[in-house]
$ cat entry10.cif   # mmCIF, C-alpha atoms
data_coords
#
loop_
_atom_site.label_atom_id
_atom_site.label_comp_id
_atom_site.auth_asym_id
_atom_site.auth_seq_id
_atom_site.Cartn_x
_atom_site.Cartn_y
_atom_site.Cartn_z
CA MET A 1 -0.40 12.99 56.93
CA ALA A 2 1.77 16.08 56.68
CA LYS A 3 4.83 13.97 55.95
CA LYS A 4 3.63 12.50 52.68
CA PRO A 5 4.19 15.61 50.50
CA THR A 6 7.65 15.98 52.04
CA LEU A 7 8.58 12.38 51.23
CA ALA A 8 7.23 12.65 47.70
CA LYS A 9 9.13 15.90 47.18
CA ALA A 10 12.36 14.33 48.49
CA LYS A 11 11.94 11.29 46.25
CA LYS A 12 11.28 13.51 43.23
CA LYS A 13 14.43 15.48 44.03
CA GLU A 14 16.50 12.27 44.14
CA GLU A 15 15.22 11.28 40.68
CA GLU A 16 16.26 14.59 39.09
CA PRO A 17 19.19 14.49 36.64
CA THR A 18 22.68 15.65 37.60
CA PHE A 19 24.26 18.59 35.78
CA LYS A 20 27.98 19.40 35.56
CA TRP A 21 28.68 23.13 35.70
CA GLU A 22 31.60 25.52 35.36
CA GLY A 23 31.71 29.20 36.28
CA THR A 24 33.53 32.00 38.08
CA ASP A 25 32.95 33.24 41.61
CA LYS A 26 32.94 36.86 42.82
CA ARG A 27 36.77 36.86 42.97
CA GLY A 28 36.97 35.78 39.32
CA VAL A 29 38.29 32.33 40.26
CA ARG A 30 37.16 29.52 37.95
CA VAL A 31 35.12 26.89 39.82
CA LYS A 32 33.18 23.77 38.82
CA GLY A 33 30.96 21.10 40.33
CA GLU A 34 27.75 19.09 40.06
CA LEU A 35 24.14 19.86 41.01
CA ARG A 36 20.79 18.08 40.73
CA GLY A 37 17.86 19.89 39.17
CA PRO A 38 14.97 19.60 36.69
CA ASN A 39 16.70 21.62 33.95
CA GLN A 40 19.66 23.85 33.04
CA ASN A 41 17.85 27.11 33.80
CA THR A 42 17.16 26.02 37.38
CA ILE A 43 20.83 25.12 37.86
CA LYS A 44 21.97 28.51 36.45
CA ALA A 45 19.54 30.33 38.74
CA GLU A 46 20.86 28.42 41.77
CA LEU A 47 24.46 29.20 40.81
CA ARG A 48 23.73 32.92 40.46
CA ARG A 49 22.02 32.85 43.85
CA GLN A 50 25.26 31.47 45.27
CA GLY A 51 27.28 34.28 43.67
CA ILE A 52 28.65 32.20 40.79
CA ASN A 53 28.56 33.33 37.16
CA PRO A 54 27.72 30.15 35.16
CA LEU A 55 29.82 29.65 32.02
CA SER A 56 28.58 26.18 31.05
CA VAL A 57 25.92 23.81 32.38
CA ARG A 58 25.49 20.38 30.81
CA LYS A 59 23.68 17.21 31.76
CA LYS A 60 25.96 14.55 33.16
CA ALA A 61 26.05 11.50 30.88
CA LYS A 62 25.33 8.09 32.36
CA PRO A 63 28.17 5.56 31.87
CA LEU A 64 27.48 2.70 29.44
CA LEU A 65 29.05 0.09 31.72
CA ASN A 66 28.59 1.01 35.35
CA PHE A 67 30.34 -1.91 37.07
CA GLY A 68 31.56 0.25 39.93
CA ASP A 69 28.02 1.07 41.09
CA LYS A 70 27.38 -2.34 42.64
CA ILE A 71 26.83 -2.32 46.41
CA VAL A 72 29.64 -4.30 48.08
CA PRO A 73 30.30 -5.22 51.75
CA LYS A 74 32.85 -2.40 51.98
CA ASP A 75 30.05 0.12 51.27
CA ILE A 76 27.96 -1.29 54.13
CA MET A 77 31.00 -1.19 56.43
CA LEU A 78 31.70 2.47 55.60
CA PHE A 79 28.02 3.43 55.94
CA THR A 80 27.80 1.78 59.38
CA ARG A 81 30.91 3.57 60.66
CA GLN A 82 29.66 6.95 59.37
CA LEU A 83 26.20 6.44 60.88
CA CYS A 84 27.74 5.37 64.21
CA THR A 85 29.98 8.47 64.29
CA MET A 86 27.05 10.81 63.62
CA LEU A 87 24.76 9.21 66.19
CA SER A 88 27.58 9.35 68.77
CA SER A 89 27.82 13.11 68.04
CA GLY A 90 24.17 13.56 69.05
CA ILE A 91 22.67 13.83 65.55
CA ALA A 92 19.15 12.36 65.14
CA VAL A 93 18.79 9.12 63.16
CA VAL A 94 16.80 10.64 60.27
CA GLN A 95 19.17 13.58 59.91
CA ALA A 96 22.22 11.28 60.11
CA LEU A 97 20.82 9.01 57.40
CA ASP A 98 20.06 12.04 55.23
CA MET A 99 23.61 13.41 55.60
CA VAL A 100 25.30 10.05 55.00
CA GLY A 101 23.05 9.31 52.01
CA HIS A 102 23.57 12.61 50.23
CA SER A 103 27.33 12.51 50.82
CA ASN A 104 27.70 9.08 49.16
CA ARG A 105 28.99 9.16 45.58
CA LYS A 106 27.63 5.74 44.50
CA PRO A 107 24.06 6.16 43.18
CA LYS A 108 22.79 2.74 44.30
CA VAL A 109 24.20 3.15 47.82
CA LYS A 110 22.78 6.67 48.01
CA GLU A 111 19.36 5.47 46.83
CA MET A 112 19.35 2.65 49.40
CA ILE A 113 20.33 4.90 52.33
CA LEU A 114 17.76 7.56 51.43
CA ASP A 115 15.10 4.85 51.07
CA ILE A 116 15.96 3.68 54.61
CA LYS A 117 15.74 7.32 55.78
CA ASN A 118 12.27 7.68 54.24
CA GLU A 119 11.13 4.45 55.97
CA VAL A 120 12.40 5.66 59.36
CA GLU A 121 10.90 9.11 58.80
CA SER A 122 7.51 7.51 58.18
CA GLY A 123 7.66 5.67 61.52
CA THR A 124 9.36 2.34 60.69
CA ALA A 125 11.95 1.04 63.16
CA LEU A 126 15.54 1.29 61.87
CA SER A 127 16.11 -2.46 62.19
CA LYS A 128 12.99 -3.17 60.09
CA ALA A 129 14.07 -0.59 57.51
CA PHE A 130 17.41 -2.39 57.24
CA ALA A 131 15.64 -5.77 56.99
CA LYS A 132 13.82 -4.61 53.83
CA HIS A 133 17.28 -4.53 52.17
CA HIS A 134 18.15 -8.06 53.29
CA LEU A 135 20.64 -8.55 50.45
CA TYR A 136 22.98 -6.09 52.17
CA PHE A 137 21.90 -6.22 55.85
CA ASN A 138 21.84 -9.81 57.09
CA ASP A 139 20.10 -11.26 60.17
CA LEU A 140 23.15 -10.62 62.33
CA TYR A 141 23.17 -6.92 61.41
CA CYS A 142 19.44 -6.45 61.92
CA SER A 143 19.45 -8.40 65.22
CA LEU A 144 22.13 -6.16 66.70
CA VAL A 145 20.43 -2.96 65.50
CA HIS A 146 17.14 -4.20 67.01
CA ALA A 147 18.91 -4.96 70.31
CA GLY A 148 20.42 -1.47 70.28
CA GLU A 149 17.03 0.14 69.67
CA GLU A 150 15.40 -1.86 72.46
CA ALA A 151 18.17 -1.03 74.98
CA GLY A 152 18.55 2.61 73.89
CA VAL A 153 22.23 2.14 73.00
CA LEU A 154 22.00 2.14 69.20
CA GLU A 155 25.30 4.00 68.65
CA VAL A 156 27.14 1.48 70.89
CA LEU A 157 25.80 -1.49 68.93
CA LEU A 158 26.52 0.23 65.60
CA ASP A 159 30.10 0.70 66.75
CA LYS A 160 30.33 -3.02 67.48
CA ILE A 161 28.81 -3.83 64.07
CA ALA A 162 31.22 -1.46 62.31
CA THR A 163 34.21 -2.97 64.13
CA TYR A 164 32.98 -6.47 63.29
CA LEU A 165 32.55 -5.61 59.59
CA GLU A 166 35.98 -3.96 59.45
CA LYS A 167 37.66 -7.01 60.95
CA SER A 168 35.64 -9.40 58.75
CA GLU A 169 36.57 -7.51 55.58
CA ALA A 170 40.23 -7.43 56.63
CA LEU A 171 40.11 -11.19 57.21
CA LYS A 172 38.48 -11.82 53.81
CA ALA A 173 41.08 -9.63 52.10
CA LYS A 174 43.93 -11.62 53.68
CA VAL A 175 42.49 -14.98 52.59
CA LYS A 176 41.75 -13.67 49.07
CA LYS A 177 45.30 -12.35 48.85
CA ALA A 178 46.71 -15.80 49.59
CA LEU A 179 44.44 -17.57 47.09
CA THR A 180 44.45 -14.96 44.29
CA TYR A 181 48.21 -14.59 43.85
CA PRO A 182 48.94 -18.15 42.63
CA VAL A 183 45.92 -18.02 40.29
CA ILE A 184 47.18 -14.82 38.65
CA VAL A 185 50.66 -16.29 38.17
CA LEU A 186 49.25 -19.48 36.63
CA ILE A 187 47.05 -17.46 34.24
CA PHE A 188 50.10 -15.40 33.26
CA ALA A 189 52.12 -18.59 32.66
CA PHE A 190 49.34 -20.04 30.49
CA VAL A 191 49.01 -16.85 28.40
CA VAL A 192 52.79 -16.56 27.87
CA THR A 193 53.00 -20.23 26.87
CA ALA A 194 50.08 -19.85 24.43
CA ILE A 195 51.69 -16.77 22.80
CA LEU A 196 55.01 -18.59 22.38
CA LEU A 197 53.38 -21.69 20.90
CA ILE A 198 51.01 -19.83 18.55
CA PHE A 199 53.23 -16.99 17.30
CA VAL A 200 56.92 -17.65 18.12
CA ILE A 201 57.41 -21.39 17.58
CA PRO A 202 56.11 -21.35 13.94
CA THR A 203 58.90 -18.88 13.04
CA PHE A 204 61.53 -21.31 14.34
CA GLN A 205 59.76 -24.19 12.59
CA GLU A 206 60.26 -22.51 9.19
CA LEU A 207 63.92 -22.03 10.04
CA PHE A 208 64.39 -25.69 11.03
CA GLU A 209 62.80 -26.96 7.82
CA GLY A 210 65.75 -25.49 5.90
CA PHE A 211 68.31 -27.45 7.96
CA GLY A 212 67.39 -30.81 6.49
CA ALA A 213 68.65 -32.53 9.65
CA GLU A 214 67.00 -34.72 12.27
CA LEU A 215 65.49 -32.58 15.05
CA PRO A 216 65.84 -33.44 18.76
CA ALA A 217 62.87 -35.21 20.36
CA LEU A 218 62.08 -32.24 22.63
CA THR A 219 61.97 -29.87 19.65
CA LYS A 220 59.67 -32.23 17.71
CA PHE A 221 57.32 -32.43 20.68
CA VAL A 222 57.15 -28.63 21.04
CA ILE A 223 56.54 -28.19 17.28
CA GLU A 224 53.66 -30.71 17.38
CA LEU A 225 52.27 -28.99 20.47
CA SER A 226 52.49 -25.66 18.60
CA LYS A 227 50.50 -27.14 15.68
CA VAL A 228 47.77 -28.24 18.08
CA PHE A 229 47.63 -24.74 19.62
CA GLN A 230 47.48 -23.10 16.17
CA GLU A 231 44.67 -25.34 15.00
CA TYR A 232 42.59 -25.48 18.19
CA TRP A 233 43.60 -22.22 19.92
CA TYR A 234 39.98 -21.19 20.44
CA LEU A 235 39.23 -24.43 22.31
CA ILE A 236 42.43 -24.32 24.36
CA LEU A 237 41.92 -20.69 25.39
CA GLY A 238 38.14 -21.00 25.77
CA THR A 239 38.09 -24.22 27.81
CA PRO A 240 39.72 -22.71 30.97
CA VAL A 241 37.36 -19.71 30.80
CA ALA A 242 34.33 -21.99 30.39
CA ALA A 243 35.60 -24.20 33.22
CA VAL A 244 35.94 -21.23 35.60
CA VAL A 245 32.48 -19.88 34.70
CA GLY A 246 30.98 -23.37 35.04
CA PHE A 247 32.71 -23.83 38.40
CA ILE A 248 31.36 -20.53 39.75
CA GLU A 249 27.83 -21.23 38.51
CA ALA A 250 27.88 -24.80 39.87
CA ARG A 251 28.95 -23.48 43.27
CA LYS A 252 26.11 -20.95 43.25
CA ARG A 253 23.35 -23.23 41.98
CA SER A 254 24.23 -26.71 43.25
CA ARG A 255 24.13 -27.10 47.02
CA THR A 256 25.58 -30.62 46.71
CA PHE A 257 28.60 -29.33 44.77
CA TYR A 258 29.01 -26.43 47.21
CA GLN A 259 29.04 -28.82 50.19
CA TRP A 260 31.47 -31.22 48.51
CA LEU A 261 33.80 -28.35 47.59
CA ASP A 262 33.89 -26.98 51.14
CA ARG A 263 34.80 -30.45 52.45
CA MET A 264 37.57 -30.84 49.85
CA VAL A 265 39.02 -27.39 50.58
CA LEU A 266 39.52 -28.29 54.25
CA GLN A 267 41.49 -31.40 53.22
CA MET A 268 43.86 -29.54 50.89
CA PRO A 269 47.42 -29.05 52.18
CA LEU A 270 48.28 -25.50 53.32
CA ILE A 271 45.04 -23.96 51.99
CA GLY A 272 42.85 -26.22 54.16
CA ASP A 273 44.66 -25.07 57.30
CA LEU A 274 44.23 -21.43 56.28
CA VAL A 275 40.48 -21.85 55.62
CA ALA A 276 39.99 -23.66 58.95
CA THR A 277 41.83 -20.93 60.85
CA SER A 278 39.75 -18.29 59.07
CA ALA A 279 36.52 -20.14 59.97
CA ASN A 280 37.59 -20.28 63.65
CA ALA A 281 38.30 -16.53 63.60
CA ARG A 282 34.92 -15.72 62.03
CA PHE A 283 33.09 -17.99 64.48
CA ALA A 284 34.68 -16.32 67.50
CA ARG A 285 34.36 -12.74 66.19
CA THR A 286 30.70 -13.10 65.16
CA LEU A 287 29.62 -14.84 68.36
CA SER A 288 31.55 -12.29 70.44
CA THR A 289 29.83 -9.38 68.69
CA LEU A 290 26.33 -10.86 69.05
CA PHE A 291 26.89 -11.91 72.67
CA ALA A 292 28.20 -8.44 73.56
CA GLY A 293 25.12 -6.97 71.86
CA GLY A 294 22.83 -8.82 74.25
CA VAL A 295 21.59 -11.44 71.78
CA PRO A 296 20.85 -14.77 73.54
CA LEU A 297 23.47 -17.47 72.86
CA VAL A 298 21.08 -19.91 71.15
CA ASP A 299 19.68 -17.20 68.86
CA ALA A 300 23.16 -15.85 68.13
CA MET A 301 24.47 -19.21 66.95
CA GLN A 302 21.94 -19.27 64.11
CA SER A 303 23.62 -16.19 62.61
CA VAL A 304 27.11 -17.44 63.51
CA ALA A 305 26.62 -20.61 61.45
CA GLY A 306 26.25 -18.73 58.19
CA ALA A 307 29.12 -16.35 59.03
CA THR A 308 31.78 -19.08 59.28
CA GLY A 309 32.09 -19.19 55.48
CA ASN A 310 32.34 -22.98 55.22
CA TYR A 311 29.57 -25.60 55.03
CA VAL A 312 31.35 -28.05 57.36
CA TYR A 313 31.62 -25.42 60.09
CA GLU A 314 28.11 -24.14 59.39
CA ARG A 315 26.62 -27.59 59.95
CA ALA A 316 28.76 -28.12 63.07
CA VAL A 317 27.62 -24.79 64.60
CA LEU A 318 23.95 -25.63 63.95
CA GLU A 319 24.44 -29.00 65.67
CA MET A 320 26.14 -27.20 68.58
CA ARG A 321 23.16 -24.84 68.75
CA GLU A 322 20.81 -27.78 69.19
CA SER A 323 23.00 -29.12 72.00
CA VAL A 324 23.19 -25.73 73.75
CA SER A 325 19.41 -25.30 73.47
CA ILE A 326 18.86 -28.44 75.58
CA GLY A 327 21.23 -27.32 78.34
CA GLN A 328 24.75 -28.35 77.30
CA GLN A 329 27.61 -25.92 77.82
CA LEU A 330 29.08 -24.35 74.69
CA ASN A 331 32.57 -25.70 75.32
CA PHE A 332 31.23 -29.27 75.65
CA ALA A 333 29.27 -28.96 72.38
CA MET A 334 32.38 -27.55 70.65
CA ARG A 335 34.48 -30.48 71.88
CA GLN A 336 31.95 -32.94 70.45
CA SER A 337 32.23 -31.39 66.96
CA SER A 338 36.00 -32.17 66.77
CA LEU A 339 36.51 -29.09 64.54
CA PHE A 340 37.77 -26.59 67.09
CA PRO A 341 41.32 -26.71 68.53
CA ASP A 342 41.74 -27.61 72.21
CA MET A 343 43.00 -24.11 73.00
CA VAL A 344 39.74 -22.56 71.75
CA VAL A 345 37.60 -25.03 73.69
CA GLN A 346 39.60 -24.43 76.88
CA MET A 347 39.35 -20.64 76.57
CA ILE A 348 35.58 -20.88 75.98
CA ALA A 349 35.27 -23.15 79.04
CA ILE A 350 37.15 -20.58 81.18
CA GLY A 351 34.95 -17.79 79.82
CA GLU A 352 31.77 -19.71 80.66
CA GLU A 353 32.96 -20.51 84.19
CA ALA A 354 34.06 -16.91 84.84
CA GLY A 355 30.95 -15.36 83.27
CA SER A 356 33.04 -13.50 80.67
CA LEU A 357 32.26 -15.50 77.53
CA GLY A 358 32.03 -12.40 75.31
CA ASP A 359 35.48 -11.13 76.33
CA MET A 360 37.03 -14.58 75.93
CA LEU A 361 35.52 -14.98 72.46
CA ALA A 362 36.96 -11.58 71.48
CA LYS A 363 40.42 -12.72 72.63
CA VAL A 364 40.07 -15.96 70.63
CA ALA A 365 39.06 -13.92 67.57
CA ASP A 366 42.05 -11.58 67.96
CA PHE A 367 44.41 -14.56 68.23
CA TYR A 368 43.06 -16.37 65.17
CA GLU A 369 42.89 -13.22 63.04
CA ALA A 370 46.58 -12.68 63.78
CA GLU A 371 47.13 -16.37 62.98
CA VAL A 372 45.43 -15.95 59.59
CA ASP A 373 47.65 -12.96 58.84
CA GLN A 374 50.73 -15.01 59.68
CA LYS A 375 49.60 -18.01 57.63
CA VAL A 376 48.87 -15.80 54.61
CA ASP A 377 52.40 -14.41 54.77
CA GLN A 378 53.86 -17.91 55.15
CA LEU A 379 51.79 -19.29 52.28
CA THR A 380 52.76 -16.41 49.99
CA THR A 381 56.42 -16.83 50.93
CA MET A 382 56.30 -20.56 50.18
CA ILE A 383 54.26 -20.38 46.98
CA GLU A 384 56.05 -17.44 45.34
CA PRO A 385 59.37 -19.20 44.59
CA LEU A 386 57.55 -22.39 43.52
CA LEU A 387 55.39 -20.47 41.05
CA MET A 388 58.37 -18.53 39.73
CA ALA A 389 60.25 -21.80 39.28
CA PHE A 390 57.25 -23.31 37.47
CA LEU A 391 56.95 -20.29 35.17
CA ALA A 392 60.69 -20.31 34.46
CA GLY A 393 60.58 -24.07 33.82
CA VAL A 394 57.75 -23.82 31.26
CA VAL A 395 59.21 -20.87 29.36
CA GLY A 396 62.76 -22.23 29.71
CA THR A 397 61.75 -25.61 28.26
CA LEU A 398 60.25 -23.94 25.19
CA VAL A 399 63.33 -21.78 24.67
CA ILE A 400 65.71 -24.76 25.05
CA ALA A 401 63.59 -26.83 22.65
CA MET A 402 63.91 -24.12 19.99
CA TYR A 403 67.64 -23.55 20.42
CA LEU A 404 68.71 -27.21 20.66
CA PRO A 405 68.77 -27.72 16.84
CA ILE A 406 70.82 -24.54 16.44
CA PHE A 407 73.38 -25.73 19.02
CA LYS A 408 73.46 -29.16 17.35
CA LEU A 409 74.04 -27.60 13.95
CA ALA A 410 76.79 -25.34 15.33
CA SER A 411 78.62 -28.30 16.93
CA ALA A 412 78.38 -30.29 13.67
CA VAL A 413 79.99 -27.38 11.76
#
$ encode --input "entry10.cif" --output "structure tokens"
Amino acid sequence: MAKKPTLAKAKKKEEEPTFKWEGTDKRGVRVKGELRGPNQNTIKAELRRQGINPLSVRKKAKPLLNFGDKIVPKDIMLFTRQLCTMLSSGIAVVQALDMVGHSNRKPKVKEMILDIKNEVESGTALSKAFAKHHLYFNDLYCSLVHAGEEAGVLEVLLDKIATYLEKSEALKAKVKKALTYPVIVLIFAFVVTAILLIFVIPTFQELFEGFGAELPALTKFVIELSKVFQEYWYLILGTPVAAVVGFIEARKRSRTFYQWLDRMVLQMPLIGDLVATSANARFARTLSTLFAGGVPLVDAMQSVAGATGNYVYERAVLEMRESVSIGQQLNFAMRQSSLFPDMVVQMIAIGEEAGSLGDMLAKVADFYEAEVDQKVDQLTTMIEPLLMAFLAGVVGTLVIAMYLPIFKLASAV
């Protein structure tokens, strides 16, 4: 009962506005910073108590568009590593959560961590406090934290979770790097082409009208294309944007479309191989982390399925889970799915026979993560000259089309 006023007081403190202050310390040095408090007078009193002469205290304005405040996987990764480090140093869970929460600069992350602290302080298990924020702490995360609490090795399991999240984020970044680069170049090519057709080509068109001569076929085509762009520019520029937004929404809302897309991606040249390698790496890393955390194999595979990042692999892992639950070995179930390379199946078989499945899965994950890194570099190296050639070809064709009549006129003279 004595904790309730403390929790209410802490929550009230978190809701207080932030003030930006400037002043001078006892040495006359100008200093500045931020403090939370109910009003300016309270902030000034606190500053004087700290030996600072306040010169200005003003309420910090809230940004109109606060896109950077969204909680992202990187925030969870950093929070887990910080919490692990503090627990390993012998700091109590509640105190560690309080320190990590108040040191975080993102309001939403700070609010979430302090809410978890309040739950734990009131007697809730840490894993259950995490589960209440299921958008950011998935079943895998909560299962490992629960296992750590039960075995009394919470800091060890948090270290494994932090390492897993760090490797997963690094893997995602590599795949995004390979897929984002060509998209950016194509968007740039489209914008440059649109600018040339809408603003530059009409200038040449006025010049050509004064020649009174027959224009080359390529020049006529470009001029007609320019007229279409000038008349329907809003449709031409808006259609790709609408298509991208529609694609993203369809993938989110339609499970059928999402499943079809994941199948198609695996069949695409170059990219399909990269996605498959990434799925193998995620499968091995996630299962290794859960297995090392003491989670039973059948239970672990439920979380592993969603972590693969592809519907085809997700369905295959769930089917493998059913097979393992009735007594089949993991390597046999993997072989039946026909998705995993022979090397992976053989290494899993050796790990099962030797009783070191967790270690073998970690080695498989290390190998495939390095493989993803190599494939990303290869893909970037291959695509870069092709995209540059495409961009040069599009812009070059427009330039040639505009200068052909001038060359023709010059040769006639």
$ resolve_selection --input "entry10.cif" --expression "the PyMOL selection byres ((chain A and resi 154-169) around 6)" --output "number ranges by chain"
A: 77, 80-81, 84, 87-88, 148-149, 152-153, 170-172
$ atom_distance --input "entry10.cif" --atom1 "atom CA of Lys108 of chain A" --atom2 "atom CA of Lys174 of chain A"
27.2 Å
$ closest_residue --input "entry10.cif" --among "A:Val372, A:Met382, A:Met347, A:Met360" --to "Ala173 of chain A" --atoms "only C-alpha atoms"
A:Val372
$ atom_distance --input "entry10.cif" --atom1 "atom CA of Trp233 of chain A" --atom2 "atom CA of Ala194 of chain A"
8.2 Å
$ resolve_selection --input "entry10.cif" --expression "the PyMOL selection byres ((chain A and resi 137-141) around 9)" --output "tab-separated table (two decimals) with C-alpha atoms, in the frame of the given file"
chain	number	residue	atom	x	y	z
A	76	ILE	CA	27.96	-1.29	54.13
A	127	SER	CA	16.11	-2.46	62.19
A	130	PHE	CA	17.41	-2.39	57.24
A	131	ALA	CA	15.64	-5.77	56.99
A	132	LYS	CA	13.82	-4.61	53.83
A	133	HIS	CA	17.28	-4.53	52.17
A	134	HIS	CA	18.15	-8.06	53.29
A	135	LEU	CA	20.64	-8.55	50.45
A	136	TYR	CA	22.98	-6.09	52.17
A	142	CYS	CA	19.44	-6.45	61.92
A	143	SER	CA	19.45	-8.40	65.22
A	144	LEU	CA	22.13	-6.16	66.70
A	145	VAL	CA	20.43	-2.96	65.50
A	146	HIS	CA	17.14	-4.20	67.01
A	158	LEU	CA	26.52	0.23	65.60
A	161	ILE	CA	28.81	-3.83	64.07
A	286	THR	CA	30.70	-13.10	65.16
A	290	LEU	CA	26.33	-10.86	69.05
A	300	ALA	CA	23.16	-15.85	68.13
A	302	GLN	CA	21.94	-19.27	64.11
A	303	SER	CA	23.62	-16.19	62.61
A	304	VAL	CA	27.11	-17.44	63.51
A	307	ALA	CA	29.12	-16.35	59.03
$ closest_residue --input "entry10.cif" --among "A:Ala354, A:Met334, A:Ile223, A:Leu339" --to "Ala279 of chain A" --atoms "all atoms listed in the file"
A:Leu339
$ closest_residue --input "entry10.cif" --among "A:Gln378, A:Ile201, A:Asn53, A:Phe247" --to "Val228 of chain A" --atoms "all atoms listed in the file"
A:Ile201
$ atom_distance --input "entry10.cif" --atom1 "atom CA of Glu119 of chain A" --atom2 "atom CA of Leu97 of chain A"
10.8 Å
$ residues_near_point --input "entry10.cif" --point "(68.1, -32.6, 17.0)" --cutoff "7 Å" --atoms "all atoms listed in the file" --output "number ranges by chain"
A: 214-217, 404-405, 408
$ resolve_selection --input "entry10.cif" --expression "the PyMOL selection byres ((chain A and resi 348) around 12)" --output "MDAnalysis selection string"
chainID A and resid 284 287:288 329:335 340:347 349:365
$ residues_around --input "entry10.cif" --residues "Val395 of chain A" --least-positions-apart "4" --cutoff "9 Å" --atoms "only C-alpha atoms" --output "list in words"
Ala189, Val192, Thr193, Leu196, Phe390, Leu391, Val399 and Ile400 of chain A
$ closest_residue --input "entry10.cif" --among "A:Val94, A:Ile248, A:Leu386, A:Val324" --to "Ser122 of chain A" --atoms "only C-alpha atoms"
A:Val94
$ closest_residue --input "entry10.cif" --among "A:Val298, A:Leu179, A:Leu186, A:Leu207" --to "Thr380 of chain A" --atoms "all atoms listed in the file"
A:Leu179
$ closest_residue --input "entry10.cif" --among "A:Gln205, A:Thr239, A:Gln328, A:Asn280" --to "Ser226 of chain A" --atoms "only C-alpha atoms"
A:Gln205
$ residues_around --input "entry10.cif" --residues "Val57 of chain A" --least-positions-apart "6" --cutoff "9 Å" --atoms "all atoms listed in the file" --output "list in words"
Phe19, Lys20, Trp21, Glu22, Gly23, Gln40, Asn41, Ile43 and Lys44 of chain A
$ write_last_selection --input "entry10.cif" --atoms "C-alpha atoms" --output "mmCIF file, in the coordinates of the input"
data_model
loop_
_atom_site.group_PDB
_atom_site.id
_atom_site.type_symbol
_atom_site.label_atom_id
_atom_site.label_comp_id
_atom_site.auth_asym_id
_atom_site.auth_seq_id
_atom_site.Cartn_x
_atom_site.Cartn_y
_atom_site.Cartn_z
ATOM 1 C CA PHE A 19 24.260 18.590 35.780
ATOM 2 C CA LYS A 20 27.980 19.400 35.560
ATOM 3 C CA TRP A 21 28.680 23.130 35.700
ATOM 4 C CA GLU A 22 31.600 25.520 35.360
ATOM 5 C CA GLY A 23 31.710 29.200 36.280
ATOM 6 C CA GLN A 40 19.660 23.850 33.040
ATOM 7 C CA ASN A 41 17.850 27.110 33.800
ATOM 8 C CA ILE A 43 20.830 25.120 37.860
ATOM 9 C CA LYS A 44 21.970 28.510 36.450
#
$ residues_near_point --input "entry10.cif" --point "(28.1, 29.6, 42.2)" --cutoff "9 Å" --atoms "only C-alpha atoms" --output "PDB file with C-alpha atoms, keeping the file's coordinate frame"
ATOM      1  CA  GLU A  22      31.600  25.520  35.360  1.00  0.00           C
ATOM      2  CA  GLY A  23      31.710  29.200  36.280  1.00  0.00           C
ATOM      3  CA  THR A  24      33.530  32.000  38.080  1.00  0.00           C
ATOM      4  CA  ASP A  25      32.950  33.240  41.610  1.00  0.00           C
ATOM      5  CA  LYS A  26      32.940  36.860  42.820  1.00  0.00           C
ATOM      6  CA  VAL A  31      35.120  26.890  39.820  1.00  0.00           C
ATOM      7  CA  LYS A  32      33.180  23.770  38.820  1.00  0.00           C
ATOM      8  CA  LYS A  44      21.970  28.510  36.450  1.00  0.00           C
ATOM      9  CA  GLU A  46      20.860  28.420  41.770  1.00  0.00           C
ATOM     10  CA  LEU A  47      24.460  29.200  40.810  1.00  0.00           C
ATOM     11  CA  ARG A  48      23.730  32.920  40.460  1.00  0.00           C
ATOM     12  CA  ARG A  49      22.020  32.850  43.850  1.00  0.00           C
ATOM     13  CA  GLN A  50      25.260  31.470  45.270  1.00  0.00           C
ATOM     14  CA  GLY A  51      27.280  34.280  43.670  1.00  0.00           C
ATOM     15  CA  ILE A  52      28.650  32.200  40.790  1.00  0.00           C
ATOM     16  CA  ASN A  53      28.560  33.330  37.160  1.00  0.00           C
ATOM     17  CA  PRO A  54      27.720  30.150  35.160  1.00  0.00           C
TER      18      PRO A  54
END
